[in-house]
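Below: the structure, in structure tokens.
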Amino acid sequence: MTTTTEPTTFWGRLWTRFNNFFSTIANPGNFLNYSAKILPWLAGLSAIGFATGLYITFFKTPLDEEMGQTVIIMFVHVPAAWIAQMSYALVAASSFGLLVWRHPLADVSAKAAAPLGATITFLCLVTGSIWGRPDWGTYWQWDLRMTSVLVLFLLFIGLITLRSAIEEETQAGKITAILALVGVILLPVIKLSVEWQQSALHQKAGIIRGEVAIEFLIPLFIMALSYTLLFFYLHMKAMRAEIYRRRTISQQRRLAYEDHQD
Amino acid sequence: MNAFLALLKRDIRLSLKEGGTIGIALGFNLIVVTILPLGIGPDQNLLNQIAPGVLWVTLLLSLLLSLDRLFLTDHEEGTLEQMFHGPLPLELVVVAKALAHWLTVGVPLSLMTPALGLLMNLSTEQFGILTLAALIGTPALSFLGAIGAALTLGLKRGGLLLPLLILPFFIPTLIFGVSTTTGYLFPAGNYDSALALLAAISLSSIVLAPFPTAWALRFNMN
């Protein structure tokens, strides 16, 4: 293709590949083509994943000794908590991409991810609250982790509101991106909250330390994977809609301009 | 440095002469603390218990009230654009303005704490520590608030959006500020760690917050 010499090392070639892939996908037209091919797969896999995960959860998982039936809520709640944090990380990464490389597609990604993140954070809060009542005897407790997830939800709301309050769209994207980057401070707080507050109701991350039995782990990971696939399906879908919306607007502007010229 | 001091002096003089900013902040703080016990009922023990929290929350809200004007007047009359082209980096302009805001709003509000403490039946031995905590904690509020003021600068109703954007970032200051007196996170009476954490938040806000603020200002000015 171009006159640049191919790097000889394995990692060098991998990096070039990655860069080429990234600059291809960053073109909105290419993105529309690729995403059209990927979308059905994401939808199908996520549907299969949810069907398997929920079947195992409801019919195959043994009841927990302490929690009994309510352990089932874990398979809805814990993945939601993971994806909520991941979606914020995605918003922040896209915002970084917008501010550093000034690429419009990064803005499209950030804009599409924020309402999804807000929804899934809300889901996490609601399921947690429903789970908390039978197990801890309360719907809500101001423990540091719940509080920080609630703040994460507020941050998503702030991002959405700020964007919709600014009329000029490129301006709105940049300003919102700054808020998104400032808010990154919250992610480590959520992660470390259970370590800081010894009296917290939430247990420490037992999954990484291997304290959760294998019969719970398998459905949990199936559910987490399905959640991830569903999230990226919805995210890609929303990005496509946003690209088409922006194209329509610029086309309308061009037509209006041409009409004016005649 | 001269330019920095000149700007700081100018901003302090402006907000003293305008009068509105400080008066509104102090008056708002007073009226909220007056209204709350009327709503809750004059139970002296209850008031004593909730006093630190109430005083901190009203402090946050009163300070927030004056934040939207931090860059607004200068932006509307074009002075901000002059500063943009002036000798001082925009980050330092932000530092000067936020510092002036702290000196003219944060400090008076903090010093008001004992008077409001009387209304809330706060134990007298807590007056000193709560005022000190407010003095140490409020710089963070002015500097973090500057981010929000810069983000909402171009908006018609930015003042309404500002609390939603910026209050989440005030939470750590609130928590550590209240825990100096209540033993909320640390054993009661052991306020050193809470004060140290407040100072840490304030100092890191002073250093870090001017960068996103200046960034947002640049986007909002062209």
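Each chain of the structure tokens is named A, B, ... in the order shown, its residues numbered from 1; ligands are numbered from 1 in display order.
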
Hey, list the chain A side of the contact with chain B: 12 Å cut-off, only C-alpha atoms, answer as a PDB file with N, CA and C atoms, in the first residue's frame.
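Output file selection.pdb follows:
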```
ATOM      1  N   LEU A  99     -11.007  14.162  22.722  1.00  0.00           N
ATOM      2  CA  LEU A  99     -10.215  15.345  23.066  1.00  0.00           C
ATOM      3  C   LEU A  99      -8.801  15.253  22.511  1.00  0.00           C
ATOM      4  N   TRP A 142     -26.447   3.407  53.748  1.00  0.00           N
ATOM      5  CA  TRP A 142     -25.465   4.308  53.146  1.00  0.00           C
ATOM      6  C   TRP A 142     -24.065   3.737  53.267  1.00  0.00           C
ATOM      7  N   ASP A 143     -23.887   2.542  52.764  1.00  0.00           N
ATOM      8  CA  ASP A 143     -22.530   1.987  52.781  1.00  0.00           C
ATOM      9  C   ASP A 143     -21.787   2.556  51.568  1.00  0.00           C
ATOM     10  N   LEU A 144     -20.477   2.591  51.674  1.00  0.00           N
ATOM     11  CA  LEU A 144     -19.686   3.379  50.725  1.00  0.00           C
ATOM     12  C   LEU A 144     -19.879   2.900  49.286  1.00  0.00           C
ATOM     13  N   THR A 147     -23.295   4.001  47.969  1.00  0.00           N
ATOM     14  CA  THR A 147     -23.264   5.444  47.765  1.00  0.00           C
ATOM     15  C   THR A 147     -22.478   5.790  46.511  1.00  0.00           C
ATOM     16  N   SER A 148     -21.332   5.125  46.315  1.00  0.00           N
ATOM     17  CA  SER A 148     -20.520   5.498  45.153  1.00  0.00           C
ATOM     18  C   SER A 148     -21.189   5.080  43.849  1.00  0.00           C
ATOM     19  N   VAL A 149     -21.934   3.961  43.862  1.00  0.00           N
ATOM     20  CA  VAL A 149     -22.644   3.582  42.637  1.00  0.00           C
ATOM     21  C   VAL A 149     -23.787   4.566  42.371  1.00  0.00           C
ATOM     22  N   LEU A 150     -24.433   5.024  43.440  1.00  0.00           N
ATOM     23  CA  LEU A 150     -25.476   6.041  43.273  1.00  0.00           C
ATOM     24  C   LEU A 150     -24.880   7.314  42.674  1.00  0.00           C
ATOM     25  N   VAL A 151     -23.682   7.677  43.139  1.00  0.00           N
ATOM     26  CA  VAL A 151     -23.021   8.855  42.585  1.00  0.00           C
ATOM     27  C   VAL A 151     -22.664   8.622  41.121  1.00  0.00           C
ATOM     28  N   LEU A 152     -22.273   7.389  40.789  1.00  0.00           N
ATOM     29  CA  LEU A 152     -21.988   7.068  39.386  1.00  0.00           C
ATOM     30  C   LEU A 152     -23.228   7.299  38.530  1.00  0.00           C
ATOM     31  N   PHE A 153     -24.388   6.885  39.064  1.00  0.00           N
ATOM     32  CA  PHE A 153     -25.648   7.109  38.361  1.00  0.00           C
ATOM     33  C   PHE A 153     -25.892   8.608  38.161  1.00  0.00           C
ATOM     34  N   LEU A 154     -25.658   9.387  39.217  1.00  0.00           N
ATOM     35  CA  LEU A 154     -25.846  10.839  39.120  1.00  0.00           C
ATOM     36  C   LEU A 154     -24.906  11.445  38.086  1.00  0.00           C
ATOM     37  N   LEU A 155     -23.699  10.898  38.024  1.00  0.00           N
ATOM     38  CA  LEU A 155     -22.711  11.394  37.068  1.00  0.00           C
ATOM     39  C   LEU A 155     -23.174  11.151  35.631  1.00  0.00           C
ATOM     40  N   PHE A 156     -23.736   9.944  35.390  1.00  0.00           N
ATOM     41  CA  PHE A 156     -24.291   9.653  34.070  1.00  0.00           C
ATOM     42  C   PHE A 156     -25.395  10.649  33.733  1.00  0.00           C
ATOM     43  N   ILE A 157     -26.289  10.895  34.709  1.00  0.00           N
ATOM     44  CA  ILE A 157     -27.383  11.840  34.494  1.00  0.00           C
ATOM     45  C   ILE A 157     -26.814  13.222  34.170  1.00  0.00           C
ATOM     46  N   GLY A 158     -25.757  13.617  34.936  1.00  0.00           N
ATOM     47  CA  GLY A 158     -25.116  14.897  34.675  1.00  0.00           C
ATOM     48  C   GLY A 158     -24.566  14.980  33.260  1.00  0.00           C
ATOM     49  N   LEU A 159     -23.912  13.912  32.806  1.00  0.00           N
ATOM     50  CA  LEU A 159     -23.344  13.891  31.454  1.00  0.00           C
ATOM     51  C   LEU A 159     -24.437  14.065  30.404  1.00  0.00           C
ATOM     52  N   ILE A 160     -25.537  13.313  30.578  1.00  0.00           N
ATOM     53  CA  ILE A 160     -26.629  13.376  29.598  1.00  0.00           C
ATOM     54  C   ILE A 160     -27.252  14.772  29.591  1.00  0.00           C
ATOM     55  N   THR A 161     -27.491  15.311  30.797  1.00  0.00           N
ATOM     56  CA  THR A 161     -28.138  16.624  30.891  1.00  0.00           C
ATOM     57  C   THR A 161     -27.250  17.715  30.303  1.00  0.00           C
ATOM     58  N   LEU A 162     -25.956  17.666  30.650  1.00  0.00           N
ATOM     59  CA  LEU A 162     -25.042  18.694  30.145  1.00  0.00           C
ATOM     60  C   LEU A 162     -25.003  18.679  28.621  1.00  0.00           C
ATOM     61  N   ARG A 163     -24.940  17.462  28.059  1.00  0.00           N
ATOM     62  CA  ARG A 163     -24.886  17.373  26.598  1.00  0.00           C
ATOM     63  C   ARG A 163     -26.142  17.951  25.964  1.00  0.00           C
ATOM     64  N   SER A 164     -27.284  17.625  26.575  1.00  0.00           N
ATOM     65  CA  SER A 164     -28.528  18.091  25.948  1.00  0.00           C
ATOM     66  C   SER A 164     -28.736  19.585  26.176  1.00  0.00           C
ATOM     67  N   ALA A 165     -28.029  20.171  27.163  1.00  0.00           N
ATOM     68  CA  ALA A 165     -28.223  21.596  27.442  1.00  0.00           C
ATOM     69  C   ALA A 165     -27.450  22.474  26.459  1.00  0.00           C
ATOM     70  N   ILE A 166     -26.383  21.931  25.857  1.00  0.00           N
ATOM     71  CA  ILE A 166     -25.573  22.730  24.936  1.00  0.00           C
ATOM     72  C   ILE A 166     -26.085  22.533  23.517  1.00  0.00           C
ATOM     73  N   GLU A 167     -26.408  23.629  22.863  1.00  0.00           N
ATOM     74  CA  GLU A 167     -27.068  23.511  21.569  1.00  0.00           C
ATOM     75  C   GLU A 167     -26.123  23.048  20.456  1.00  0.00           C
ATOM     76  N   GLU A 168     -24.939  23.693  20.405  1.00  0.00           N
ATOM     77  CA  GLU A 168     -24.016  23.382  19.314  1.00  0.00           C
ATOM     78  C   GLU A 168     -23.384  22.015  19.564  1.00  0.00           C
ATOM     79  N   THR A 170     -20.816  19.925  18.309  1.00  0.00           N
ATOM     80  CA  THR A 170     -19.395  19.626  18.540  1.00  0.00           C
ATOM     81  C   THR A 170     -18.956  20.198  19.883  1.00  0.00           C
ATOM     82  N   GLN A 171     -19.451  21.389  20.175  1.00  0.00           N
ATOM     83  CA  GLN A 171     -19.195  22.035  21.466  1.00  0.00           C
ATOM     84  C   GLN A 171     -19.680  21.141  22.611  1.00  0.00           C
ATOM     85  N   ALA A 172     -20.918  20.631  22.478  1.00  0.00           N
ATOM     86  CA  ALA A 172     -21.497  19.780  23.510  1.00  0.00           C
ATOM     87  C   ALA A 172     -20.627  18.556  23.745  1.00  0.00           C
ATOM     88  N   GLY A 173     -20.136  17.958  22.655  1.00  0.00           N
ATOM     89  CA  GLY A 173     -19.303  16.777  22.785  1.00  0.00           C
ATOM     90  C   GLY A 173     -18.043  17.051  23.577  1.00  0.00           C
ATOM     91  N   LYS A 174     -17.361  18.151  23.242  1.00  0.00           N
ATOM     92  CA  LYS A 174     -16.080  18.462  23.907  1.00  0.00           C
ATOM     93  C   LYS A 174     -16.291  18.774  25.380  1.00  0.00           C
ATOM     94  N   ILE A 175     -17.298  19.619  25.671  1.00  0.00           N
ATOM     95  CA  ILE A 175     -17.531  20.023  27.059  1.00  0.00           C
ATOM     96  C   ILE A 175     -17.899  18.814  27.915  1.00  0.00           C
ATOM     97  N   THR A 176     -18.782  17.960  27.352  1.00  0.00           N
ATOM     98  CA  THR A 176     -19.183  16.765  28.096  1.00  0.00           C
ATOM     99  C   THR A 176     -17.991  15.846  28.328  1.00  0.00           C
ATOM    100  N   ALA A 177     -17.097  15.781  27.330  1.00  0.00           N
ATOM    101  CA  ALA A 177     -15.923  14.908  27.456  1.00  0.00           C
ATOM    102  C   ALA A 177     -15.057  15.322  28.641  1.00  0.00           C
ATOM    103  N   ILE A 178     -14.930  16.636  28.864  1.00  0.00           N
ATOM    104  CA  ILE A 178     -14.120  17.093  30.006  1.00  0.00           C
ATOM    105  C   ILE A 178     -14.735  16.602  31.311  1.00  0.00           C
ATOM    106  N   LEU A 179     -16.064  16.734  31.436  1.00  0.00           N
ATOM    107  CA  LEU A 179     -16.731  16.252  32.654  1.00  0.00           C
ATOM    108  C   LEU A 179     -16.525  14.750  32.821  1.00  0.00           C
ATOM    109  N   ALA A 180     -16.618  14.017  31.702  1.00  0.00           N
ATOM    110  CA  ALA A 180     -16.446  12.564  31.774  1.00  0.00           C
ATOM    111  C   ALA A 180     -15.055  12.212  32.284  1.00  0.00           C
ATOM    112  N   LEU A 181     -14.035  12.951  31.835  1.00  0.00           N
ATOM    113  CA  LEU A 181     -12.668  12.649  32.275  1.00  0.00           C
ATOM    114  C   LEU A 181     -12.468  13.007  33.740  1.00  0.00           C
ATOM    115  N   VAL A 182     -13.067  14.124  34.175  1.00  0.00           N
ATOM    116  CA  VAL A 182     -12.949  14.492  35.594  1.00  0.00           C
ATOM    117  C   VAL A 182     -13.608  13.410  36.466  1.00  0.00           C
ATOM    118  N   GLY A 183     -14.699  12.846  35.966  1.00  0.00           N
ATOM    119  CA  GLY A 183     -15.444  11.853  36.746  1.00  0.00           C
ATOM    120  C   GLY A 183     -14.744  10.516  36.891  1.00  0.00           C
ATOM    121  N   VAL A 184     -13.668  10.290  36.116  1.00  0.00           N
ATOM    122  CA  VAL A 184     -12.952   9.010  36.192  1.00  0.00           C
ATOM    123  C   VAL A 184     -12.484   8.728  37.621  1.00  0.00           C
ATOM    124  N   ILE A 185     -12.254   9.798  38.387  1.00  0.00           N
ATOM    125  CA  ILE A 185     -11.853   9.688  39.792  1.00  0.00           C
ATOM    126  C   ILE A 185     -12.761   8.738  40.566  1.00  0.00           C
ATOM    127  N   LEU A 186     -14.015   8.639  40.120  1.00  0.00           N
ATOM    128  CA  LEU A 186     -14.977   7.843  40.866  1.00  0.00           C
ATOM    129  C   LEU A 186     -14.739   6.335  40.743  1.00  0.00           C
ATOM    130  N   VAL A 189     -12.763   4.722  43.406  1.00  0.00           N
ATOM    131  CA  VAL A 189     -13.499   4.817  44.677  1.00  0.00           C
ATOM    132  C   VAL A 189     -14.478   3.657  44.801  1.00  0.00           C
ATOM    133  N   TRP A 196     -11.879   0.038  51.978  1.00  0.00           N
ATOM    134  CA  TRP A 196     -11.743   1.167  52.892  1.00  0.00           C
ATOM    135  C   TRP A 196     -12.658   1.040  54.082  1.00  0.00           C
ATOM    136  N   GLN A 197     -13.926   0.739  53.783  1.00  0.00           N
ATOM    137  CA  GLN A 197     -14.905   0.752  54.860  1.00  0.00           C
ATOM    138  C   GLN A 197     -15.071  -0.662  55.384  1.00  0.00           C
ATOM    139  N   GLN A 198     -14.495  -0.922  56.556  1.00  0.00           N
ATOM    140  CA  GLN A 198     -14.489  -2.284  57.090  1.00  0.00           C
ATOM    141  C   GLN A 198     -15.891  -2.748  57.449  1.00  0.00           C
ATOM    142  N   SER A 199     -16.755  -1.798  57.815  1.00  0.00           N
ATOM    143  CA  SER A 199     -18.088  -2.183  58.268  1.00  0.00           C
ATOM    144  C   SER A 199     -19.062  -2.367  57.111  1.00  0.00           C
ATOM    145  N   ALA A 200     -18.549  -2.252  55.878  1.00  0.00           N
ATOM    146  CA  ALA A 200     -19.446  -2.275  54.722  1.00  0.00           C
ATOM    147  C   ALA A 200     -20.230  -3.582  54.655  1.00  0.00           C
TER     148      ALA A 200
END
```

Test item: residues at most 8 Å from range 58-64 of chain B, only C-alpha atoms, excluding those fewer than 6 positions along its chain, as a PDB file with C-alpha atoms, in the first residue's frame:
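Result file follows (selection12.pdb):
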```pdb
ATOM      1  CA  ALA B  25     -24.184  33.500  50.214  1.00  0.00           C
ATOM      2  CA  LEU B  26     -24.227  34.499  53.887  1.00  0.00           C
ATOM      3  CA  PHE B  28     -28.860  32.136  52.160  1.00  0.00           C
ATOM      4  CA  ASN B  29     -26.852  30.152  54.695  1.00  0.00           C
ATOM      5  CA  VAL B  32     -31.707  27.805  55.511  1.00  0.00           C
ATOM      6  CA  VAL B  33     -30.330  27.181  59.017  1.00  0.00           C
ATOM      7  CA  VAL B 105     -17.125  33.534  49.877  1.00  0.00           C
ATOM      8  CA  GLY B 106     -15.509  30.429  51.383  1.00  0.00           C
ATOM      9  CA  LEU B 109     -19.043  31.279  55.194  1.00  0.00           C
ATOM     10  CA  SER B 110     -16.601  29.254  57.302  1.00  0.00           C
ATOM     11  CA  LEU B 141     -15.153  23.533  46.878  1.00  0.00           C
ATOM     12  CA  SER B 142     -14.101  26.757  45.147  1.00  0.00           C
ATOM     13  CA  GLY B 145     -16.700  24.359  41.544  1.00  0.00           C
ATOM     14  CA  PRO B 163     -25.387  21.776  41.249  1.00  0.00           C
ATOM     15  CA  PHE B 170     -18.210  17.821  46.783  1.00  0.00           C
TER      16      PHE B 170
END
```

Self-check item: Pairwise distance for CA of Phe127 in chain B and CA of Pro114 in chain B, rounded to one decimal in Å
Solution: 5.4 Å
